[in-house]
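Everything on this sheet refers to the single structure shown next.
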Amino acid sequence: MTAPQATAILQAGEGADPHSITASISLQEMRPRVLKGDDTFAVLNRNGDAVPVPGGPEGLYHRDTRHLSRLELMVAGMKPLLLSSAVSDDGAVLTCDLTNPDLPSTPQRAAIEKDQVHIRRSKFIRSGICFERLTIRNHAEKPLQLELSLHVGADFVDLFEVRGEVRARRGTLHPPVMAGDGVTLSYTGLDGERRETRLRFEPAPARIAPDRAVFELPLQPNERVTLLVEARCDPNHGAGEPARSAFLRALWEDSRERRAVQSRSASVTTADTGFDEMIGRSLADLTMLTTQTPEGPFPYAGVPWFSTAFGRDSLVTAWLTLWLDPTLTLGVLRHLAAMQATGFDAAADAEPGKILHETRCGEMAMLGEVPFRRYYGSIDSTPLFVALAGAFLDRTGDAEALRALWPNIAAALGWIEKHGDRDGDGFVEYGRMTEAGLANQGWKDSWDSVSHADGQLAKGPIALCEVQAYVHAAWLAAARIARALGRPEDEARAMEAKAAALRTRFEQVFWDDAMGLYALALDGEKRPCRVRASNAGHVLLGGLAAEDRAASVARHLMDGSFHSGWGIRTLATTEARYNPMSYHNGSVWPHDTALIGLGLARYGHRAPAARLLEGLTAAAARLDLRRLPELFCGFPRRGGQGPTAYPVACAPQAWAAAAPIGLLGACLGLSFDPAERLVRLERPVLPQGLDRVLLRGLSLGGARIDIELRRAAGDSVAMSVPSRSGEIGAVLLA
């Protein structure tokens, strides 16, 4: 162990995570409408409003700060009635249809019966601006005098405050600055940065105050008027352009970019409308969550709590969608390489070669009140980075794209050997170097997620079973990349030897005959955590399991103690710490289920993988917008009921959106042979309810192919190729 490492290795299991989400409002109860554009997102109610509620997440956020805590539409001082609320199929625009309630007479106007005025709100986000168009139409048979008001406010709280953290001090809120057509709200944080929100209205309101803009609208029968509203989190961006042209230009540019994403990606069409809607929502959510970085497209983890770059989440998302769109994978690899740690920083859990866990740019991160400005407390991001690079090579054959990344791959391998294996036992383990960091640093990173069979929390450093599988995959991936780049053969063979040695040692230490599963982890005293956890399924994903033991893992994961009917529980119902309402000890995570499905399929168990896809599809059918959330509770599936929501689960969440896409590829046995320019489908299985699947625009080396699969006699599958362009073929291996 090097001197910088030895400064402090703190234990897992020493207390609750100080940064866990404690927000008191259930996202599932409010069923919010979410919009996002790069580093800006909005959480709105179904009316399209942001309404301040203690502990509530509603608002407009930019770079981890809430720039509007209130933007609420009122009709004559009353809340309008909701008719409908929907986000467009591409996830870009929120449209809310509203009408007036009964409005009593006043000295200024006559009474107005309900349902006489139709209000359509259209909202979207681009370039740090929330654009809104209000179209108001009078359906009464007489002229109306209507008062419309927009109530505004900005608390400029850090996202971590919204999540429940309490600060001893805050910066300075400045008095609003009013102009004829708008108002500017501003705040100077303790970090010295001034944050502003500029609200602009067109036409100018009749009256404007620090907390509202009031419009007096005389409406003739059937007359329609339009109001435009901008909330600019970066007041200097696009300043001076007329509101109407700014709205139309931004809408057109946003639509053009979304079409460009769709054109580069393959698409999926089936005979099941509900399945298609789930896939369509997943693709729309992934497009919304993807942010353009200098290195390429990068999926942020989720809204509202994780709308930023996360290493692990982005790597998993890219892996699950790799067959559909390898461009996203390359963007993820390049962006994470640009942020790879180059030195030691105990406050950030950083060591040379380590891949990012999370980055934040809000006031609390800038001040060090939370350690996430650039935080590296993730034990699995680094091996996943290398493994994904190998998967990209397998998918595309594009070794040249990886040539510039080889120094980063080599640095990641160096971290695995020098710092990841803290005690030289051949396994990679974690121990945080800062009390402010995460106690547990695998994907189940809540403080109580790693325990022994009696429920006692494990003490670190901790070696998780799935991390060893990722390391195994990383060594083999690095060997394939080294050969493709023309590096010395002995270098590739040495990497393969390390993978083989890890496999032998792992089977000896982690396998538990009594459980018929791999142990969850080794604790700091090298005692196995003999707990039946979903982590064992990831061992199959990394190709680390022996064939007979993989079959045992598959049987256990698909029994009723693990499989809820919707997906795989993170912890079996037989375990001491099982709680179906916990974050990581009994809940169901779609991405976890999908990665397990990929592992099952890798070992030839495609029918169970298809069963997992059917469960996620059934869950989506019962969920708002057919959107799979970050997680749901682990209660068993019941007839006529949907999955039980987890109160603060993010939706959309990138790796949840990617889950059915990855599972579909696994069920179809989909792989690519760039050298032969072939798409292979090995013993495909169509999930229950899907009799036809059409994959359009699968790309390989600039060529494209459409592949149609149909259920034939029994459970067999027949393939046809409706069209292709360029040198590419497809083969079905029965």
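Each chain of the structure tokens is named A, B, ... in the order shown, its residues numbered from 1; ligands are numbered from 1 in display order.
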**Message:** Show me, as a count of residues only, the residues that have an atom within 9 Å of A:Ile705 when counting only C-alpha atoms, minus same-chain residues fewer than 5 positions from it.
**Reply:** 16
**Asked** stretch 259-329 of chain A: which residues are alpha helix (DSSP H) by DSSP, as number ranges by chain?
**Response** A: 259-264, 273-289, 311-321, 326-329
**Request:** Write out as a ChimeraX atom specification which residues come within 12 Å of A:Gln262 when counting only C-alpha atoms, dropping same-chain ones fewer than 4 positions away.
**Result:** /A:90,255-258,266-268,280,283-284,286-287,324-325,327,696-697
Mind dumping the selected residues with N, CA and C atoms as a PDB file, in the first residue's frame?
```
ATOM      1  N   ASP A  90     -41.461  11.983 -28.070  1.00  0.00           N
ATOM      2  CA  ASP A  90     -40.005  12.102 -28.101  1.00  0.00           C
ATOM      3  C   ASP A  90     -39.431  12.686 -26.815  1.00  0.00           C
ATOM      4  N   SER A 255     -35.816  19.739 -32.231  1.00  0.00           N
ATOM      5  CA  SER A 255     -36.406  18.674 -33.042  1.00  0.00           C
ATOM      6  C   SER A 255     -35.383  18.114 -34.022  1.00  0.00           C
ATOM      7  N   ARG A 256     -34.582  18.976 -34.625  1.00  0.00           N
ATOM      8  CA  ARG A 256     -33.572  18.528 -35.585  1.00  0.00           C
ATOM      9  C   ARG A 256     -32.553  17.619 -34.904  1.00  0.00           C
ATOM     10  N   GLU A 257     -32.109  17.985 -33.709  1.00  0.00           N
ATOM     11  CA  GLU A 257     -31.122  17.165 -33.016  1.00  0.00           C
ATOM     12  C   GLU A 257     -31.696  15.815 -32.614  1.00  0.00           C
ATOM     13  N   ARG A 258     -32.943  15.792 -32.197  1.00  0.00           N
ATOM     14  CA  ARG A 258     -33.559  14.513 -31.836  1.00  0.00           C
ATOM     15  C   ARG A 258     -33.711  13.608 -33.058  1.00  0.00           C
ATOM     16  N   ALA A 266     -30.518   2.248 -34.335  1.00  0.00           N
ATOM     17  CA  ALA A 266     -31.477   1.267 -34.807  1.00  0.00           C
ATOM     18  C   ALA A 266     -32.805   1.480 -34.087  1.00  0.00           C
ATOM     19  N   SER A 267     -33.860   0.896 -34.619  1.00  0.00           N
ATOM     20  CA  SER A 267     -35.178   1.007 -34.003  1.00  0.00           C
ATOM     21  C   SER A 267     -35.802  -0.375 -33.868  1.00  0.00           C
ATOM     22  N   VAL A 268     -36.814  -0.450 -33.018  1.00  0.00           N
ATOM     23  CA  VAL A 268     -37.489  -1.717 -32.726  1.00  0.00           C
ATOM     24  C   VAL A 268     -38.979  -1.542 -32.941  1.00  0.00           C
ATOM     25  N   GLY A 280     -40.348   2.861 -26.994  1.00  0.00           N
ATOM     26  CA  GLY A 280     -40.353   4.254 -27.442  1.00  0.00           C
ATOM     27  C   GLY A 280     -40.102   5.218 -26.305  1.00  0.00           C
ATOM     28  N   LEU A 283     -36.385   5.032 -25.323  1.00  0.00           N
ATOM     29  CA  LEU A 283     -35.526   5.763 -26.248  1.00  0.00           C
ATOM     30  C   LEU A 283     -35.680   7.269 -26.073  1.00  0.00           C
ATOM     31  N   ALA A 284     -36.917   7.726 -25.865  1.00  0.00           N
ATOM     32  CA  ALA A 284     -37.137   9.154 -25.650  1.00  0.00           C
ATOM     33  C   ALA A 284     -36.463   9.611 -24.361  1.00  0.00           C
ATOM     34  N   LEU A 286     -33.854   8.255 -22.893  1.00  0.00           N
ATOM     35  CA  LEU A 286     -32.402   8.253 -23.084  1.00  0.00           C
ATOM     36  C   LEU A 286     -31.950   9.474 -23.884  1.00  0.00           C
ATOM     37  N   THR A 287     -32.742   9.851 -24.887  1.00  0.00           N
ATOM     38  CA  THR A 287     -32.414  11.056 -25.649  1.00  0.00           C
ATOM     39  C   THR A 287     -32.486  12.289 -24.759  1.00  0.00           C
ATOM     40  N   LEU A 324     -27.722  -1.246 -30.071  1.00  0.00           N
ATOM     41  CA  LEU A 324     -28.625  -0.326 -30.752  1.00  0.00           C
ATOM     42  C   LEU A 324     -27.894   0.899 -31.293  1.00  0.00           C
ATOM     43  N   ASP A 325     -26.958   1.453 -30.480  1.00  0.00           N
ATOM     44  CA  ASP A 325     -26.306   2.711 -30.848  1.00  0.00           C
ATOM     45  C   ASP A 325     -24.917   2.800 -30.219  1.00  0.00           C
ATOM     46  N   THR A 327     -22.585   4.788 -30.840  1.00  0.00           N
ATOM     47  CA  THR A 327     -22.098   6.170 -30.715  1.00  0.00           C
ATOM     48  C   THR A 327     -22.141   6.632 -29.267  1.00  0.00           C
ATOM     49  N   ARG A 696     -34.787  -2.428 -37.206  1.00  0.00           N
ATOM     50  CA  ARG A 696     -34.487  -1.612 -38.388  1.00  0.00           C
ATOM     51  C   ARG A 696     -33.189  -0.838 -38.191  1.00  0.00           C
ATOM     52  N   GLY A 697     -32.346  -0.853 -39.205  1.00  0.00           N
ATOM     53  CA  GLY A 697     -31.174   0.014 -39.219  1.00  0.00           C
ATOM     54  C   GLY A 697     -30.040  -0.420 -38.328  1.00  0.00           C
TER      55      GLY A 697
END
```
**Test item: residues at most 12 Å from A:Asp234, only C-alpha atoms, excluding those fewer than 2 positions along its chain, as a list of chain:residue names** =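 Near A:Asp234, the qualifying residues are A:Asp39, A:Thr40, A:Tyr61, A:His62, A:Arg63, A:His67, A:Arg126, A:Ser127, A:Gly128, A:Ile129, A:Cys130, A:Thr184, A:Leu185, A:Ser186, A:Arg194, A:Arg195, A:Glu196, A:Thr197, A:Arg198, A:Leu199, A:Glu230, A:Ala231, A:Arg232, A:Asn236, A:His237, A:Gly238, A:Ala239.
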**Request:** Would you mind listing what lies within 9 Å of A:Pro371 as JSON, numbers by chain, with only C-alpha atoms counted and same-chain residues fewer than 5 positions away left out?
**Result:** {"A": [347, 348, 349, 360, 364, 365, 366, 434, 436, 437]}
**Request:** Would you list the contacts of A:Asp380 as a list in words, taking every protein, DNA or RNA residue within 10 Å and counting only C-alpha atoms, but skipping same-chain residues closer than 2 positions in sequence?
**Result:**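 Counting only C-alpha atoms, the residues come to Gly311, Arg312, Lys354, Ile355, Leu356, His357, Gly377, Ser378, Thr382, Pro383, Leu384, Phe385, Ile416, Gly420, Val428, Glu429, Tyr430, Gln441, Gly442, Trp443, Leu464, Glu466, Val467, Gln468, Ala469, Tyr470 and Val471 of chain A.
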**Request:** Do a neighbour search on A:Ala519 at 10 Å with only C-alpha atoms, toss out local chain neighbours closer than 5 positions, and write the hits as an MDAnalysis selection string.
**Result:** chainID A and resid 452 464:466 509:513 527:533 535:536
Kindly save the residues from that selection, with N, CA and C atoms included, as a PDB file, in the first residue's frame.
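Wrote part14.pdb, looks like this:
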```pdb
ATOM      1  N   HIS A 452     -23.704  -9.724   6.645  1.00  0.00           N
ATOM      2  CA  HIS A 452     -23.558 -11.164   6.800  1.00  0.00           C
ATOM      3  C   HIS A 452     -24.949 -11.801   6.929  1.00  0.00           C
ATOM      4  N   LEU A 464     -16.556  -7.154  -3.331  1.00  0.00           N
ATOM      5  CA  LEU A 464     -17.846  -7.604  -3.834  1.00  0.00           C
ATOM      6  C   LEU A 464     -17.664  -8.641  -4.933  1.00  0.00           C
ATOM      7  N   CYS A 465     -18.593  -9.596  -4.983  1.00  0.00           N
ATOM      8  CA  CYS A 465     -18.448 -10.663  -5.975  1.00  0.00           C
ATOM      9  C   CYS A 465     -18.542 -10.127  -7.396  1.00  0.00           C
ATOM     10  N   GLU A 466     -19.469  -9.200  -7.661  1.00  0.00           N
ATOM     11  CA  GLU A 466     -19.645  -8.737  -9.037  1.00  0.00           C
ATOM     12  C   GLU A 466     -18.452  -7.920  -9.514  1.00  0.00           C
ATOM     13  N   VAL A 509     -12.898 -19.249  -3.454  1.00  0.00           N
ATOM     14  CA  VAL A 509     -13.186 -18.429  -2.271  1.00  0.00           C
ATOM     15  C   VAL A 509     -14.652 -17.996  -2.193  1.00  0.00           C
ATOM     16  N   PHE A 510     -15.262 -17.670  -3.313  1.00  0.00           N
ATOM     17  CA  PHE A 510     -16.594 -17.054  -3.283  1.00  0.00           C
ATOM     18  C   PHE A 510     -17.739 -18.061  -3.385  1.00  0.00           C
ATOM     19  N   TRP A 511     -17.494 -19.243  -3.951  1.00  0.00           N
ATOM     20  CA  TRP A 511     -18.615 -20.169  -4.115  1.00  0.00           C
ATOM     21  C   TRP A 511     -19.038 -20.753  -2.773  1.00  0.00           C
ATOM     22  N   ASP A 512     -20.358 -20.853  -2.574  1.00  0.00           N
ATOM     23  CA  ASP A 512     -20.908 -21.420  -1.347  1.00  0.00           C
ATOM     24  C   ASP A 512     -21.844 -22.558  -1.719  1.00  0.00           C
ATOM     25  N   ASP A 513     -21.438 -23.779  -1.413  1.00  0.00           N
ATOM     26  CA  ASP A 513     -22.234 -24.957  -1.776  1.00  0.00           C
ATOM     27  C   ASP A 513     -23.594 -24.953  -1.111  1.00  0.00           C
ATOM     28  N   ARG A 527     -13.862 -12.900   5.546  1.00  0.00           N
ATOM     29  CA  ARG A 527     -14.982 -13.802   5.802  1.00  0.00           C
ATOM     30  C   ARG A 527     -16.034 -13.603   4.720  1.00  0.00           C
ATOM     31  N   PRO A 528     -16.508 -14.676   4.094  1.00  0.00           N
ATOM     32  CA  PRO A 528     -17.558 -14.514   3.082  1.00  0.00           C
ATOM     33  C   PRO A 528     -18.864 -14.008   3.702  1.00  0.00           C
ATOM     34  N   CYS A 529     -19.500 -13.096   3.004  1.00  0.00           N
ATOM     35  CA  CYS A 529     -20.850 -12.658   3.372  1.00  0.00           C
ATOM     36  C   CYS A 529     -21.818 -13.625   2.687  1.00  0.00           C
ATOM     37  N   ARG A 530     -22.278 -14.621   3.439  1.00  0.00           N
ATOM     38  CA  ARG A 530     -23.096 -15.700   2.863  1.00  0.00           C
ATOM     39  C   ARG A 530     -24.556 -15.249   2.783  1.00  0.00           C
ATOM     40  N   VAL A 531     -24.775 -14.347   1.870  1.00  0.00           N
ATOM     41  CA  VAL A 531     -26.075 -13.703   1.700  1.00  0.00           C
ATOM     42  C   VAL A 531     -26.530 -13.916   0.265  1.00  0.00           C
ATOM     43  N   ARG A 532     -27.789 -14.293   0.097  1.00  0.00           N
ATOM     44  CA  ARG A 532     -28.350 -14.519  -1.234  1.00  0.00           C
ATOM     45  C   ARG A 532     -28.779 -13.168  -1.815  1.00  0.00           C
ATOM     46  N   ALA A 533     -27.930 -12.627  -2.647  1.00  0.00           N
ATOM     47  CA  ALA A 533     -28.143 -11.299  -3.216  1.00  0.00           C
ATOM     48  C   ALA A 533     -28.060 -11.372  -4.735  1.00  0.00           C
ATOM     49  N   ASN A 535     -26.379  -9.698  -6.637  1.00  0.00           N
ATOM     50  CA  ASN A 535     -25.009  -9.490  -7.111  1.00  0.00           C
ATOM     51  C   ASN A 535     -24.451 -10.734  -7.793  1.00  0.00           C
ATOM     52  N   ALA A 536     -24.873 -11.917  -7.323  1.00  0.00           N
ATOM     53  CA  ALA A 536     -24.359 -13.164  -7.902  1.00  0.00           C
ATOM     54  C   ALA A 536     -24.681 -13.264  -9.386  1.00  0.00           C
TER      55      ALA A 536
END
```
**Request:** Please measure the separation of atom CA of A:Gly669 and atom CA of A:Leu598, giving the value in Å to one decimal.
**Result:**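 Interatomic distance, atom CA of A:Gly669 to atom CA of A:Leu598: 9.5 Å.
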**Asked** Which residue gives the smallest distance to A:Ser88 among A:Ile208, A:Asn138, A:Leu595, A:Met288, with only C-alpha atoms counted?
**Response**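 That would be A:Met288, the residue with the smallest distance to A:Ser88.
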**Request:** Identify which of the residues A:Leu315, A:Ala42, A:Ala453, A:Val53 lies closest to A:Cys233, counting only C-alpha atoms when measuring atom-to-atom distances.
**Result:** A:Ala42
